[in-house]
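Below is one structure, written out as structure tokens, with a few remarks after it.
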Amino acid sequence: MKREHPNLHPRLDPASTGSSSSGYSTMPSVNTNTNDDTSCKAKMWEDDAQADGGMDELLAVLGYKVRSSDMVEVAQKLEQLQEVMGHVQEDGISHLACETVHYNPSDLSTWLESMLSELNPNPNFDSVVMPAQPSIDDSFFTHPESSTITSIDFADHTHQRHQEQRKTNKHSRDVVFEDSSSSDYDLKAIPGKSVFAQPHLIDSSSSSSRDPKRLKSATTDHLYPAAAAASSSSTIGAGAAGSFGVSTESTRPVVLVDSQENGIRLVHLLMACAEAVQENNLTVAEALVKQIGFLAISQAGAMRKVATYFAEALARRIYRLYPQSAMDHSLSDILQMHFYETCPYLKFAHFTANQAILEAFEGKKRVHVIDFSMNQGMQWPALLQALALRPGGPPAFRLTGIGPPSHDNSDHLQEVGWKLAQLAETIHVEFEYRGFVANSLADLDASMLELRPSEFESVAVNSVFELHKLLARPGAIEKVLSVVKQMKPEIVTIVEQEANHNDSVFLDRFTESLHYYSTLFDSLEGSVSTQDKVMSEVYLGKQICNIVACEGPDRIERHEPLTQWRTRLGSSGFVPVHLGSNAFKQASMLLALFAGGDGYRVEENNGCLMLGWHTRPLIATSAWRLANKQVVAH
Amino acid sequence: MVVPLNTWVLISNFKLAYNLLRRPDGTFNRHLAEFLDRKVPANAKPVDGIFSFDVVIDRGTSLLSRIYRLTDGEPSQPNMAELEKPVSSEVVPVIIFFHGGSFAHSSANSAIYDTLCRRLVGICKAVVVSVNYRRAPENRYPCAYDDGWTALKWVNSRTWLESKKDSKVHIYLAGDSSGGNIAHHVALRAVESGIDILGNILLNPMFAGQERTESEKRLDGKYFVTLQDRDWYWRAFLPEGADRDHPACNPFGPKGKNLKGVKFPKSLVVVAGLDLIQDWQLAYVEGLKKAGQVVKLLYLEQATIGFYLLPNNNHFHTVMDEISKFVSSNC
């Protein structure tokens, strides 16, 4: 059989009429190679080295990461699923929708595979499931005993829980595809029910990427191919603009709500003032800041408040009345509690992080949570309750709460721990607590935390809106991440603001934060309680002030978007743990409970979850584990 | 009949996902739908000379639209105050776009539609306003039409969208699949209310009728789409108890409106030859012609649904050319 391997670039030049392009599977008018081949034959193409890791660029723009070299296999999986769904009854399909947990739909290949495993968890399926492929060799599906990859008792899991977690099924499925991707598997054997042409299988380089990497522990390595070169993944995150090929620079999402005349003028003035400040034109800046003050008063709603905070911050910068760097922590705790009540951002952060922690702690008998963002400990009652209710009973729960020193003499960290201990007692969860005072997370060493051996006790590290502060001092984040690694965590949960407020150019930083906080303040407008709302605005106002008026180590609100955190964590030796459709759904339902909650949206982004106001993501939750960690069964 | 492999993968993926979302009892798994949908944020930083931003045009219904514009050749990005800077040309077409999804799927910020709208901006040198209308089954007829109408009124009243030539907003309505259907009905309302629409662009518009047509029988299940799923979406969108001769899906059917003598905009209707509902789309074209309306039919024999989502085939380029001509011929 004639085999075509032209080294053709798969992307069409849009300017061409495309009639002689290389990008097609066969289109009747362009197929000039049908001399001795009556069946439809595709011109296969190989990717020349591309910075995007061989991803199909057209699909990447649309949010799907599929390697060009995997396209055929993905198509095959789609076909298989279609076939199966044609034969399985309604119930069989609906279980895929209701009970299955879906992860990271951008990675089509893995997503399809996990659904295929859901539909046949036992590789020794009967022929009913795959009737249309009689010519497939039996070796396509190997028996579990011959698997060399799993330490999980496969038989146990299939019988216990049909809707098994993806990792178990992945093991079984992995074995299957390890074989199928070998180069001598001839796809031509599949009857051509599909619309696409039957291509010849390409080279076996695709199989090398399959290997043991298919294990959950390393599958996610596969998604983010080289930790060091994680920029490829970051181009396809929410951070990338709609068209592929844009650099990893941030986007600027904007949602406007009121486009009133005064609103625009106010923004004009703010921008002009910021520009004057940037150019050190302080006389002009001063004049503008006064004008802003006057105009803001006449403005209504969110815009007035935002403008006021930004104007104050500009004034501080102009007059060099920098805000105190160390705020009384008890005051900020109170403000944060009001923020917690007013709007769902913190609740979402806690909820989604807890979800990931819960999943990571499954089956573990002793667990230890290290919380970098202890504050009032508001995240933990819910987790304790969830653990108390878990089938098989709760684990022994240890919590290490880390926080800054109090300004008064109270040991507030201990008080918080006390309250949690009392709660734990009422719900019968064995509870141990230690409060740890530190000026900065970078002061921590793993040895201080009395860690126990990881076979004995599983660790989760949790950080909600804390990590960005470390960016204010060189080396701090690197130190903290390396200490986290020493903790050998089962999971690391990170929630951060989804914004770039750390640009070295003042004007850019100003503009970004103006957009961000305008949206955030707008989302608060609908909330009921005025007092909570005011306190929340003060809470946010302090962040604005820090971003705009401070510099150097005092400027701690150095928010960076998820794409940048991904790069940083990837190059520090962490790999993502995906949050799935179950967490998404529950988070969405939680939002629906919020009055004025019409505008809140949860979005899935390459395994992370984001909460935003309308179409503007505002915070992002991601989960991580160590790259070289093996999945250990209990 | 073959489509490019990545197109096949894209559309089959949608088909698979959509199968998971539709429940036999007529309800819809909205959470999973939103989880699976690939979205992109707006971007006020120009990409290929085009930037976008979102506006909540009706707080009450949370109606949002995404606006796409060309930069004025300025290298730097527009700041927040300049997003709604007045358009600077003598004539600027403003295309109000309604995304597809059979009334139930997708959003204005779905990646496939963000990409398509950006293309339209570039090709037509237009401002594109993509409407995030309310979807079925949670919001049935006439919600989507109401939202379209709200968006139209909003666009029509923006001074910054007025062309310099006549201080009016030059409006086109466009949409694919259900969006095409919405465009038609919004145009109807516009006509009744005296708002001028310069043209309608309908890409594979979604129409139906009670009768089963030849194309529906012949192509059922052959190219990604089944009659069964078409029926499901109409049941989800139409009022409870209505049949498919409801004027929403069958505008020239037994309950349809007579458009003779009505100042209806000229229409460009694109029909894919492998789309099972083509008989209804062709009937729509006929209906317009019989009513003395100006309509151009672009029939693409080899095209399947969704061919316009990827620029990797001839049909895509043909259609983009036609749209460009259609929109510019009013200058």
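So you can find residues: chains in the structure tokens are A, B, ... in the order shown, residues in each start at 1, and ligands are numbered from 1 in order.
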Identify every residue of chain B that has at least one atom within 7 Å of any atom of chain A, counting only C-alpha atoms, and report the result as a ChimeraX atom specification. /B:2-6,8-9,12-13,20-21,31-32,35-36,38,40-45,53-56,62,80-81,111-112,114-115,310-314,317
Can you tell me which residues surround Asn462 (chain A) at a distance of at most 7 Å, considering only C-alpha atoms, apart from same-chain residues fewer than 4 positions away, and format the answer as a PyMOL selection string? chain A and resi 370-372+492-494
Limited to N, CA and C atoms, could you put the picked residues into a file as a tab-separated table (two decimals), in the first residue's frame?
chain	number	residue	atom	x	y	z
A	370	ILE	N	-1.46	21.57	56.45
A	370	ILE	CA	-0.63	22.72	56.81
A	370	ILE	C	-1.20	23.92	56.09
A	371	ASP	N	-1.73	24.84	56.86
A	371	ASP	CA	-2.44	25.97	56.27
A	371	ASP	C	-1.60	27.23	56.34
A	372	PHE	N	-1.22	27.72	55.16
A	372	PHE	CA	-0.44	28.96	55.09
A	372	PHE	C	-1.31	30.20	55.31
A	492	VAL	N	-1.14	19.92	47.17
A	492	VAL	CA	-0.94	21.32	47.49
A	492	VAL	C	-2.07	22.10	46.83
A	493	THR	N	-2.84	22.82	47.63
A	493	THR	CA	-3.94	23.59	47.05
A	493	THR	C	-3.60	25.07	47.11
A	494	ILE	N	-3.79	25.70	45.97
A	494	ILE	CA	-3.42	27.11	45.87
A	494	ILE	C	-4.57	27.89	45.28
Where in region 421-513 of chain A does DSSP assign strand (DSSP E or B), given as a PyMOL selection string? chain A and resi 431-437+458-464+491-497
Close residues, Tyr322 (chain A) itself excluded, 12 Å, only C-alpha atoms, min 5 positions apart in chain, as a list in words: Glu312, Ala313, Leu314, Ala315, Arg316, Arg317, Lys542, Cys545, Asn546, Ile547, Val548, Ala549, Cys550, Glu551, Gly552, Asp554 and Arg555 of chain A
Write a file of the selected residues as a compact mmCIF listing (two decimals), in the first residue's frame, keeping N, CA and C atoms.
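Result went into result.txt, see below:
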# COMPACT_ATOMS: atom_id res chain seq x y z
N GLU A 312 -7.27 57.69 46.25
CA GLU A 312 -6.56 57.78 47.52
C GLU A 312 -5.17 57.16 47.39
N ALA A 313 -5.12 56.02 46.72
CA ALA A 313 -3.84 55.36 46.55
C ALA A 313 -2.89 56.22 45.73
N LEU A 314 -3.41 56.85 44.69
CA LEU A 314 -2.58 57.73 43.87
C LEU A 314 -2.08 58.89 44.72
N ALA A 315 -2.98 59.44 45.53
CA ALA A 315 -2.61 60.57 46.37
C ALA A 315 -1.47 60.18 47.31
N ARG A 316 -1.59 59.01 47.89
CA ARG A 316 -0.55 58.55 48.80
C ARG A 316 0.80 58.47 48.09
N ARG A 317 0.72 57.99 46.86
CA ARG A 317 1.95 57.86 46.09
C ARG A 317 2.53 59.23 45.77
N LYS A 542 -7.72 48.18 50.75
CA LYS A 542 -6.35 48.06 51.25
C LYS A 542 -5.45 47.38 50.23
N CYS A 545 -4.67 49.94 47.59
CA CYS A 545 -3.68 50.88 48.08
C CYS A 545 -2.29 50.29 47.99
N ASN A 546 -2.19 49.04 48.36
CA ASN A 546 -0.88 48.39 48.33
C ASN A 546 -0.33 48.29 46.92
N ILE A 547 -1.22 47.93 46.00
CA ILE A 547 -0.78 47.75 44.62
C ILE A 547 -0.31 49.06 44.01
N VAL A 548 -1.06 50.13 44.32
CA VAL A 548 -0.81 51.41 43.65
C VAL A 548 0.22 52.28 44.38
N ALA A 549 0.15 52.27 45.70
CA ALA A 549 0.99 53.22 46.42
C ALA A 549 2.33 52.67 46.88
N CYS A 550 2.44 51.36 46.95
CA CYS A 550 3.66 50.78 47.53
C CYS A 550 4.63 50.28 46.47
N GLU A 551 5.86 50.13 46.92
CA GLU A 551 6.88 49.54 46.06
C GLU A 551 7.78 48.66 46.89
N GLY A 552 8.62 47.90 46.21
CA GLY A 552 9.62 47.10 46.91
C GLY A 552 8.99 46.06 47.82
N ASP A 554 7.48 46.32 50.48
CA ASP A 554 6.18 46.68 51.05
C ASP A 554 5.03 46.31 50.14
N ARG A 555 5.30 46.24 48.85
CA ARG A 555 4.21 45.93 47.91
C ARG A 555 4.04 44.42 47.89
Using DSSP assignments from the backbone, pull out every residue in region 40-246 of chain B that falls under helix (DSSP H, G or I) and give it to me as a PyMOL selection string. chain B and resi 80-82+111-124+143-156+159-161+178-193+214-219+227-237
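Closest approach to Val121 (chain B) among B:Ile95, B:Val271, B:Ile195, B:Val87 is made by B:Ile95 (distances from only C-alpha atoms).
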Excluding same-chain residues fewer than 3 positions from Pro453 (chain A), what lies within 12 Å of it counting only C-alpha atoms, as a PDB file with N, CA and C atoms, in the first residue's frame?
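Contents of the output file part_9.pdb:
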ATOM      1  N   ARG A 366      -4.411   8.839  58.491  1.00  0.00           N
ATOM      2  CA  ARG A 366      -3.939   9.970  59.275  1.00  0.00           C
ATOM      3  C   ARG A 366      -3.565  11.083  58.308  1.00  0.00           C
ATOM      4  N   VAL A 367      -4.121  12.247  58.587  1.00  0.00           N
ATOM      5  CA  VAL A 367      -3.863  13.351  57.664  1.00  0.00           C
ATOM      6  C   VAL A 367      -3.400  14.594  58.400  1.00  0.00           C
ATOM      7  N   HIS A 368      -2.652  15.386  57.693  1.00  0.00           N
ATOM      8  CA  HIS A 368      -2.100  16.599  58.289  1.00  0.00           C
ATOM      9  C   HIS A 368      -2.239  17.730  57.278  1.00  0.00           C
ATOM     10  N   GLU A 450       7.405  19.414  62.685  1.00  0.00           N
ATOM     11  CA  GLU A 450       7.164  18.096  63.294  1.00  0.00           C
ATOM     12  C   GLU A 450       6.443  17.163  62.328  1.00  0.00           C
ATOM     13  N   PHE A 456       2.982   7.210  57.138  1.00  0.00           N
ATOM     14  CA  PHE A 456       2.164   7.217  58.340  1.00  0.00           C
ATOM     15  C   PHE A 456       1.094   8.308  58.274  1.00  0.00           C
ATOM     16  N   GLU A 457       1.495   9.443  57.754  1.00  0.00           N
ATOM     17  CA  GLU A 457       0.581  10.591  57.786  1.00  0.00           C
ATOM     18  C   GLU A 457       0.672  11.334  56.462  1.00  0.00           C
ATOM     19  N   SER A 458      -0.494  11.578  55.856  1.00  0.00           N
ATOM     20  CA  SER A 458      -0.517  12.282  54.567  1.00  0.00           C
ATOM     21  C   SER A 458      -0.687  13.773  54.774  1.00  0.00           C
ATOM     22  N   VAL A 459       0.044  14.513  53.972  1.00  0.00           N
ATOM     23  CA  VAL A 459       0.074  15.965  54.168  1.00  0.00           C
ATOM     24  C   VAL A 459      -0.616  16.704  53.035  1.00  0.00           C
ATOM     25  N   GLN A 486       9.693  19.476  50.684  1.00  0.00           N
ATOM     26  CA  GLN A 486      10.208  18.672  51.796  1.00  0.00           C
ATOM     27  C   GLN A 486       9.093  18.105  52.652  1.00  0.00           C
ATOM     28  N   MET A 487       7.962  18.757  52.630  1.00  0.00           N
ATOM     29  CA  MET A 487       6.831  18.255  53.418  1.00  0.00           C
ATOM     30  C   MET A 487       6.227  17.007  52.794  1.00  0.00           C
ATOM     31  N   LYS A 488       6.677  16.683  51.583  1.00  0.00           N
ATOM     32  CA  LYS A 488       6.172  15.527  50.824  1.00  0.00           C
ATOM     33  C   LYS A 488       4.638  15.493  50.812  1.00  0.00           C
ATOM     34  N   PRO A 489       4.043  16.560  50.327  1.00  0.00           N
ATOM     35  CA  PRO A 489       2.578  16.633  50.407  1.00  0.00           C
ATOM     36  C   PRO A 489       1.905  15.712  49.408  1.00  0.00           C
TER      37      PRO A 489
END
Neighbours of Arg135 (chain B) within 10 Å (only C-alpha atoms; same-chain residues fewer than 3 positions away dropped), as a ChimeraX atom specification? /B:101-107,132,138-141,143-144,236-237
Env of Asp231 (chain B): 12 Å cut, atoms = only C-alpha atoms, seq-sep filter 6 positions within chain, self excluded. Answer as a ChimeraX atom specification. /B:22,24,26,102,206-212,216,220,225,237-238,242-244,249,277
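For the pair CA of Ser328 (chain B) and CA of Lys125 (chain B), the interatomic distance is 8.9 Å.
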Can you tell me how far CA of Ile11 (chain B) sits from CA of Val295 (chain B), in Å to one decimal? 28.8 Å
